[in-house]
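Chemist: For reference, the file final_5.pdb (PDB, N, CA, C and O atoms) is included below:
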ATOM      1  N   MET V  23     -22.289 -44.848  55.866
ATOM      2  CA  MET V  23     -23.516 -44.818  55.088
ATOM      3  C   MET V  23     -24.381 -43.654  55.574
ATOM      4  O   MET V  23     -24.613 -43.495  56.760
ATOM      5  N   VAL V  24     -24.875 -42.855  54.641
ATOM      6  CA  VAL V  24     -25.691 -41.688  54.970
ATOM      7  C   VAL V  24     -27.164 -42.073  54.941
ATOM      8  O   VAL V  24     -27.625 -42.734  54.013
ATOM      9  N   LYS V  25     -27.887 -41.661  55.958
ATOM     10  CA  LYS V  25     -29.322 -41.923  55.987
ATOM     11  C   LYS V  25     -30.016 -41.084  54.922
ATOM     12  O   LYS V  25     -29.695 -39.918  54.734
ATOM     13  N   GLN V  26     -30.966 -41.658  54.243
ATOM     14  CA  GLN V  26     -31.704 -40.947  53.212
ATOM     15  C   GLN V  26     -32.552 -39.819  53.799
ATOM     16  O   GLN V  26     -32.862 -38.867  53.117
ATOM     17  N   SER V  27     -32.925 -39.912  55.062
ATOM     18  CA  SER V  27     -33.793 -38.910  55.662
ATOM     19  C   SER V  27     -33.029 -37.684  56.166
ATOM     20  O   SER V  27     -33.640 -36.724  56.598
ATOM     21  N   CYS V  28     -31.701 -37.703  56.123
ATOM     22  CA  CYS V  28     -30.906 -36.567  56.596
ATOM     23  C   CYS V  28     -31.063 -35.385  55.655
ATOM     24  O   CYS V  28     -31.036 -35.532  54.435
ATOM     25  N   LYS V  29     -31.227 -34.216  56.247
ATOM     26  CA  LYS V  29     -31.295 -33.000  55.444
ATOM     27  C   LYS V  29     -29.888 -32.597  55.023
ATOM     28  O   LYS V  29     -28.965 -32.618  55.838
ATOM     29  N   PRO V  30     -29.699 -32.230  53.758
ATOM     30  CA  PRO V  30     -28.381 -31.732  53.352
ATOM     31  C   PRO V  30     -28.085 -30.412  54.072
ATOM     32  O   PRO V  30     -28.986 -29.639  54.370
ATOM     33  N   ARG V  31     -26.816 -30.201  54.372
ATOM     34  CA  ARG V  31     -26.389 -28.990  55.067
ATOM     35  C   ARG V  31     -25.584 -28.134  54.111
ATOM     36  O   ARG V  31     -24.584 -28.586  53.543
ATOM     37  N   VAL V  32     -26.023 -26.882  53.931
ATOM     38  CA  VAL V  32     -25.407 -25.968  52.981
ATOM     39  C   VAL V  32     -24.868 -24.751  53.722
ATOM     40  O   VAL V  32     -25.561 -24.158  54.546
ATOM     41  N   LEU V  33     -23.631 -24.376  53.404
ATOM     42  CA  LEU V  33     -23.027 -23.160  53.926
ATOM     43  C   LEU V  33     -22.945 -22.162  52.784
ATOM     44  O   LEU V  33     -22.404 -22.474  51.724
ATOM     45  N   ILE V  34     -23.486 -20.976  52.991
ATOM     46  CA  ILE V  34     -23.475 -19.912  51.984
ATOM     47  C   ILE V  34     -22.499 -18.839  52.458
ATOM     48  O   ILE V  34     -22.691 -18.247  53.520
ATOM     49  N   ILE V  35     -21.442 -18.595  51.674
ATOM     50  CA  ILE V  35     -20.468 -17.556  52.000
ATOM     51  C   ILE V  35     -20.667 -16.423  51.013
ATOM     52  O   ILE V  35     -20.434 -16.583  49.813
ATOM     53  N   ASP V  36     -21.124 -15.290  51.522
ATOM     54  CA  ASP V  36     -21.454 -14.157  50.649
ATOM     55  C   ASP V  36     -21.372 -12.877  51.455
ATOM     56  O   ASP V  36     -21.756 -12.854  52.624
ATOM     57  N   ASP V  37     -20.861 -11.817  50.837
ATOM     58  CA  ASP V  37     -20.792 -10.537  51.521
ATOM     59  C   ASP V  37     -22.128  -9.800  51.468
ATOM     60  O   ASP V  37     -22.322  -8.823  52.188
ATOM     61  N   ASP V  38     -23.053 -10.247  50.657
ATOM     62  CA  ASP V  38     -24.404  -9.687  50.605
ATOM     63  C   ASP V  38     -25.298 -10.469  51.568
ATOM     64  O   ASP V  38     -25.004 -11.612  51.926
ATOM     65  N   ASP V  39     -26.405  -9.874  51.948
ATOM     66  CA  ASP V  39     -27.347 -10.523  52.856
ATOM     67  C   ASP V  39     -28.063 -11.653  52.121
ATOM     68  O   ASP V  39     -28.821 -11.409  51.183
ATOM     69  N   MET V  40     -27.814 -12.875  52.542
ATOM     70  CA  MET V  40     -28.425 -14.050  51.915
ATOM     71  C   MET V  40     -29.320 -14.805  52.890
ATOM     72  O   MET V  40     -29.644 -15.968  52.677
ATOM     73  N   GLU V  41     -29.732 -14.134  53.970
ATOM     74  CA  GLU V  41     -30.577 -14.787  54.968
ATOM     75  C   GLU V  41     -31.908 -15.247  54.374
ATOM     76  O   GLU V  41     -32.382 -16.337  54.689
ATOM     77  N   SER V  42     -32.506 -14.440  53.507
ATOM     78  CA  SER V  42     -33.787 -14.844  52.915
ATOM     79  C   SER V  42     -33.598 -16.059  51.999
ATOM     80  O   SER V  42     -34.469 -16.929  51.936
ATOM     81  N   TYR V  43     -32.474 -16.133  51.317
ATOM     82  CA  TYR V  43     -32.175 -17.294  50.479
ATOM     83  C   TYR V  43     -31.987 -18.533  51.349
ATOM     84  O   TYR V  43     -32.498 -19.616  51.031
ATOM     85  N   ALA V  44     -31.270 -18.380  52.460
ATOM     86  CA  ALA V  44     -31.075 -19.501  53.384
ATOM     87  C   ALA V  44     -32.411 -19.975  53.940
ATOM     88  O   ALA V  44     -32.663 -21.179  54.043
ATOM     89  N   MET V  45     -33.288 -19.032  54.264
ATOM     90  CA  MET V  45     -34.612 -19.397  54.775
ATOM     91  C   MET V  45     -35.432 -20.106  53.705
ATOM     92  O   MET V  45     -36.165 -21.052  54.005
ATOM     93  N   ALA V  46     -35.312 -19.685  52.454
ATOM     94  CA  ALA V  46     -36.028 -20.354  51.356
ATOM     95  C   ALA V  46     -35.549 -21.793  51.202
ATOM     96  O   ALA V  46     -36.353 -22.701  50.977
ATOM     97  N   LEU V  47     -34.244 -22.004  51.331
ATOM     98  CA  LEU V  47     -33.714 -23.372  51.268
ATOM     99  C   LEU V  47     -34.268 -24.222  52.405
ATOM    100  O   LEU V  47     -34.571 -25.400  52.211
ATOM    101  N   GLU V  48     -34.392 -23.610  53.585
ATOM    102  CA  GLU V  48     -34.938 -24.331  54.741
ATOM    103  C   GLU V  48     -36.351 -24.839  54.452
ATOM    104  O   GLU V  48     -36.716 -25.932  54.863
ATOM    105  N   THR V  49     -37.156 -24.056  53.745
ATOM    106  CA  THR V  49     -38.524 -24.471  53.426
ATOM    107  C   THR V  49     -38.550 -25.656  52.459
ATOM    108  O   THR V  49     -39.564 -26.320  52.339
ATOM    109  N   MET V  50     -37.419 -25.891  51.784
ATOM    110  CA  MET V  50     -37.319 -27.013  50.851
ATOM    111  C   MET V  50     -36.595 -28.209  51.457
ATOM    112  O   MET V  50     -36.153 -29.107  50.752
ATOM    113  N   GLY V  51     -36.433 -28.195  52.782
ATOM    114  CA  GLY V  51     -35.831 -29.335  53.447
ATOM    115  C   GLY V  51     -34.316 -29.337  53.485
ATOM    116  O   GLY V  51     -33.696 -30.379  53.656
ATOM    117  N   VAL V  52     -33.716 -28.173  53.327
ATOM    118  CA  VAL V  52     -32.264 -28.047  53.362
ATOM    119  C   VAL V  52     -31.882 -27.216  54.580
ATOM    120  O   VAL V  52     -32.485 -26.176  54.834
ATOM    121  N   ARG V  53     -30.908 -27.690  55.348
ATOM    122  CA  ARG V  53     -30.401 -26.871  56.457
ATOM    123  C   ARG V  53     -29.359 -25.926  55.874
ATOM    124  O   ARG V  53     -28.354 -26.369  55.316
ATOM    125  N   ALA V  54     -29.602 -24.621  55.981
ATOM    126  CA  ALA V  54     -28.730 -23.637  55.359
ATOM    127  C   ALA V  54     -28.266 -22.603  56.371
ATOM    128  O   ALA V  54     -29.017 -22.199  57.253
ATOM    129  N   LEU V  55     -27.020 -22.185  56.214
ATOM    130  CA  LEU V  55     -26.432 -21.155  57.056
ATOM    131  C   LEU V  55     -25.695 -20.172  56.177
ATOM    132  O   LEU V  55     -24.915 -20.571  55.305
ATOM    133  N   HIS V  56     -25.940 -18.877  56.393
ATOM    134  CA  HIS V  56     -25.232 -17.833  55.663
ATOM    135  C   HIS V  56     -24.229 -17.172  56.584
ATOM    136  O   HIS V  56     -24.546 -16.831  57.722
ATOM    137  N   VAL V  57     -22.988 -17.004  56.116
ATOM    138  CA  VAL V  57     -21.972 -16.238  56.831
ATOM    139  C   VAL V  57     -21.261 -15.330  55.838
ATOM    140  O   VAL V  57     -21.188 -15.632  54.642
ATOM    141  N   THR V  58     -20.756 -14.217  56.350
ATOM    142  CA  THR V  58     -19.922 -13.347  55.520
ATOM    143  C   THR V  58     -18.488 -13.880  55.566
ATOM    144  O   THR V  58     -18.147 -14.676  56.456
ATOM    145  N   PRO V  59     -17.631 -13.437  54.661
ATOM    146  CA  PRO V  59     -16.238 -13.915  54.698
ATOM    147  C   PRO V  59     -15.556 -13.633  56.042
ATOM    148  O   PRO V  59     -14.783 -14.467  56.516
ATOM    149  N   ASN V  60     -15.847 -12.499  56.653
ATOM    150  CA  ASN V  60     -15.231 -12.178  57.948
ATOM    151  C   ASN V  60     -15.754 -13.060  59.069
ATOM    152  O   ASN V  60     -15.054 -13.279  60.054
ATOM    153  N   GLU V  61     -16.978 -13.559  58.960
ATOM    154  CA  GLU V  61     -17.567 -14.412  59.998
ATOM    155  C   GLU V  61     -17.133 -15.874  59.879
ATOM    156  O   GLU V  61     -17.276 -16.642  60.824
ATOM    157  N   LEU V  62     -16.623 -16.260  58.726
ATOM    158  CA  LEU V  62     -16.291 -17.660  58.451
ATOM    159  C   LEU V  62     -15.214 -18.182  59.405
ATOM    160  O   LEU V  62     -14.185 -17.551  59.596
ATOM    161  N   ARG V  63     -15.481 -19.351  59.983
ATOM    162  CA  ARG V  63     -14.544 -20.034  60.871
ATOM    163  C   ARG V  63     -14.425 -21.488  60.427
ATOM    164  O   ARG V  63     -15.309 -22.028  59.763
ATOM    165  N   ALA V  64     -13.346 -22.127  60.804
ATOM    166  CA  ALA V  64     -13.110 -23.525  60.424
ATOM    167  C   ALA V  64     -14.256 -24.422  60.859
ATOM    168  O   ALA V  64     -14.621 -25.360  60.148
ATOM    169  N   ALA V  65     -14.856 -24.133  61.999
ATOM    170  CA  ALA V  65     -15.966 -24.963  62.493
ATOM    171  C   ALA V  65     -17.148 -24.965  61.530
ATOM    172  O   ALA V  65     -17.871 -25.964  61.451
ATOM    173  N   HIS V  66     -17.350 -23.880  60.798
ATOM    174  CA  HIS V  66     -18.439 -23.843  59.811
ATOM    175  C   HIS V  66     -18.231 -24.912  58.734
ATOM    176  O   HIS V  66     -19.186 -25.492  58.236
ATOM    177  N   LEU V  67     -16.992 -25.161  58.374
ATOM    178  CA  LEU V  67     -16.691 -26.082  57.279
ATOM    179  C   LEU V  67     -16.821 -27.544  57.673
ATOM    180  O   LEU V  67     -16.989 -28.410  56.817
ATOM    181  N   GLU V  68     -16.752 -27.827  58.958
ATOM    182  CA  GLU V  68     -16.753 -29.211  59.427
ATOM    183  C   GLU V  68     -18.118 -29.879  59.390
ATOM    184  O   GLU V  68     -18.206 -31.092  59.384
ATOM    185  N   SER V  69     -19.174 -29.101  59.371
ATOM    186  CA  SER V  69     -20.502 -29.700  59.521
ATOM    187  C   SER V  69     -21.408 -29.485  58.308
ATOM    188  O   SER V  69     -22.622 -29.506  58.444
ATOM    189  N   VAL V  70     -20.829 -29.261  57.134
ATOM    190  CA  VAL V  70     -21.663 -29.016  55.947
ATOM    191  C   VAL V  70     -21.380 -30.045  54.858
ATOM    192  O   VAL V  70     -20.327 -30.670  54.821
ATOM    193  N   ASP V  71     -22.360 -30.184  53.972
ATOM    194  CA  ASP V  71     -22.220 -31.069  52.822
ATOM    195  C   ASP V  71     -21.834 -30.305  51.562
ATOM    196  O   ASP V  71     -21.135 -30.822  50.699
ATOM    197  N   ILE V  72     -22.330 -29.059  51.469
ATOM    198  CA  ILE V  72     -22.116 -28.239  50.270
ATOM    199  C   ILE V  72     -21.755 -26.826  50.709
ATOM    200  O   ILE V  72     -22.341 -26.295  51.650
ATOM    201  N   ILE V  73     -20.804 -26.213  50.000
ATOM    202  CA  ILE V  73     -20.436 -24.824  50.272
ATOM    203  C   ILE V  73     -20.696 -24.010  49.007
ATOM    204  O   ILE V  73     -20.197 -24.343  47.930
ATOM    205  N   LEU V  74     -21.507 -22.957  49.159
ATOM    206  CA  LEU V  74     -21.775 -22.030  48.055
ATOM    207  C   LEU V  74     -21.004 -20.743  48.339
ATOM    208  O   LEU V  74     -21.184 -20.137  49.390
ATOM    209  N   ILE V  75     -20.147 -20.331  47.408
ATOM    210  CA  ILE V  75     -19.334 -19.131  47.595
ATOM    211  C   ILE V  75     -19.676 -18.133  46.506
ATOM    212  O   ILE V  75     -19.669 -18.461  45.318
ATOM    213  N   ASP V  76     -19.943 -16.898  46.934
ATOM    214  CA  ASP V  76     -20.231 -15.819  45.999
ATOM    215  C   ASP V  76     -19.046 -15.644  45.052
ATOM    216  O   ASP V  76     -17.882 -15.676  45.467
ATOM    217  N   GLU V  77     -19.331 -15.461  43.784
ATOM    218  CA  GLU V  77     -18.277 -15.298  42.786
ATOM    219  C   GLU V  77     -17.511 -13.988  42.971
ATOM    220  O   GLU V  77     -16.314 -13.913  42.726
ATOM    221  N   PHE V  78     -18.198 -12.937  43.419
ATOM    222  CA  PHE V  78     -17.584 -11.620  43.572
ATOM    223  C   PHE V  78     -17.743 -11.154  45.020
ATOM    224  O   PHE V  78     -18.790 -10.641  45.384
ATOM    225  N   LEU V  79     -16.718 -11.350  45.828
ATOM    226  CA  LEU V  79     -16.745 -10.889  47.215
ATOM    227  C   LEU V  79     -16.188  -9.467  47.238
ATOM    228  O   LEU V  79     -14.983  -9.256  47.160
ATOM    229  N   LYS V  80     -17.083  -8.503  47.349
ATOM    230  CA  LYS V  80     -16.692  -7.096  47.297
ATOM    231  C   LYS V  80     -16.362  -6.537  48.677
ATOM    232  O   LYS V  80     -15.450  -5.752  48.827
ATOM    233  N   VAL V  81     -17.128  -6.931  49.684
ATOM    234  CA  VAL V  81     -16.965  -6.396  51.033
ATOM    235  C   VAL V  81     -16.322  -7.469  51.907
ATOM    236  O   VAL V  81     -16.972  -8.425  52.311
ATOM    237  N   TRP V  82     -15.026  -7.294  52.197
ATOM    238  CA  TRP V  82     -14.298  -8.257  52.988
ATOM    239  C   TRP V  82     -13.172  -7.509  53.708
ATOM    240  O   TRP V  82     -12.019  -7.516  53.274
ATOM    241  N   PRO V  83     -13.490  -6.844  54.818
ATOM    242  CA  PRO V  83     -12.521  -5.985  55.501
ATOM    243  C   PRO V  83     -11.202  -6.680  55.875
ATOM    244  O   PRO V  83     -10.138  -6.077  55.747
ATOM    245  N   ASP V  84     -11.260  -7.920  56.344
ATOM    246  CA  ASP V  84     -10.028  -8.606  56.725
ATOM    247  C   ASP V  84      -9.107  -8.804  55.532
ATOM    248  O   ASP V  84      -7.887  -8.714  55.662
ATOM    249  N   ARG V  85      -9.636  -9.078  54.374
ATOM    250  CA  ARG V  85      -8.813  -9.231  53.162
ATOM    251  C   ARG V  85      -8.203  -7.890  52.792
ATOM    252  O   ARG V  85      -7.033  -7.808  52.423
ATOM    253  N   ASP V  86      -8.990  -6.831  52.927
ATOM    254  CA  ASP V  86      -8.510  -5.509  52.533
ATOM    255  C   ASP V  86      -7.391  -4.989  53.435
ATOM    256  O   ASP V  86      -6.615  -4.130  53.023
ATOM    257  N   LYS V  87      -7.273  -5.522  54.647
ATOM    258  CA  LYS V  87      -6.221  -5.112  55.583
ATOM    259  C   LYS V  87      -4.855  -5.680  55.205
ATOM    260  O   LYS V  87      -3.841  -5.193  55.672
ATOM    261  N   LEU V  88      -4.839  -6.735  54.389
ATOM    262  CA  LEU V  88      -3.559  -7.387  54.033
ATOM    263  C   LEU V  88      -2.714  -6.529  53.132
ATOM    264  O   LEU V  88      -3.101  -5.789  52.351
TER     265      LEU V  88
END
What would the structure in this file look like if it were written as structure tokens?

Modeler:
Amino acid sequence: MVKQSCKPRVLIIDDDDMESYAMALETMGVRALHVTPNELRAAHLESVDIILIDEFLKVWPDRDKL
């Protein structure tokens, strides 16, 4: 059972700078974290309720190396 007072946790995956968006969510009672695709680790996925992924990931060096 989830407590009603818990803040939702959102992970934002975007190659653009979304720190200001994450901070705006924080002001609305949402715990938000922004990471780029290269920074993403499995641990990020374990502690979130919602994942927002940019539709167009243009800058992703690790993908481009494949």

Chemist: Find the residues near Thr58 (chain V): any atom within 7 Å, counting only N, CA, C and O atoms, skip ones fewer than 3 places away on the same chain, and give them as a list of chain:residue names.

Modeler: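 Once the nearby chain positions are removed, what remains is V:Ile34, V:Ile35, V:Asp36, V:Asp37, V:Asp38, V:Glu61, V:Leu62, V:Arg63, V:Val81.
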
Chemist: Mind the document's chain letters and residue numbers, and return as a list in words the residues of chain V that DSSP labels alpha helix (DSSP H).

Modeler: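 DSSP-assigned alpha helix (DSSP H) residues in chain V: Glu41, Ser42, Tyr43, Ala44, Met45, Ala46, Leu47, Glu48, Thr49, Ala64, Ala65, His66, Leu67, Glu68, Pro83, Asp84, Arg85 and Asp86 of chain V.
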
Chemist: Find the distance between CA of Arg85 (chain V) and CA of Ala54 (chain V) and write it in Å to one decimal.

Modeler: 24.7 Å

Chemist: Excluding Ile73 (chain V) and its own-chain neighbours fewer than 2 positions away, which residues fall within 7 Å of it when counting only N, CA, C and O atoms? Please give them as a list in words.

Modeler: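 My list of contacting residues is Arg31, Val32, Leu33, Ile34, Ile35, Val70, Asp71 and Ile75 of chain V.
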
Chemist: Atom N of Asp39 (chain V) and atom O of Phe78 (chain V), how far apart in Å?

Modeler: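 Distance reported for this atom pair: 10.1 Å.
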
Chemist: Provide the atom N of Lys29 (chain V) to atom O of Gly51 (chain V) distance in Å, to one decimal place.

Modeler: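 Calculated distance between atom N of Lys29 (chain V) and atom O of Gly51 (chain V) is 5.2 Å.
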
Chemist: With DSSP run on the backbone, what are the strand (DSSP E or B) residues within chain V? I'd like them as a count of residues only.

Modeler: 14

Chemist: Kindly compute an axis-aligned box around the listed atoms of region 82-86 of chain V, allowing 3 Å on each side, and express its centre and edge lengths in Å to one decimal as JSON.

Modeler:
{"center_x": -10.8, "center_y": -6.7, "center_z": 54.5, "size_x": 14.4, "size_y": 11.1, "size_z": 10.5}
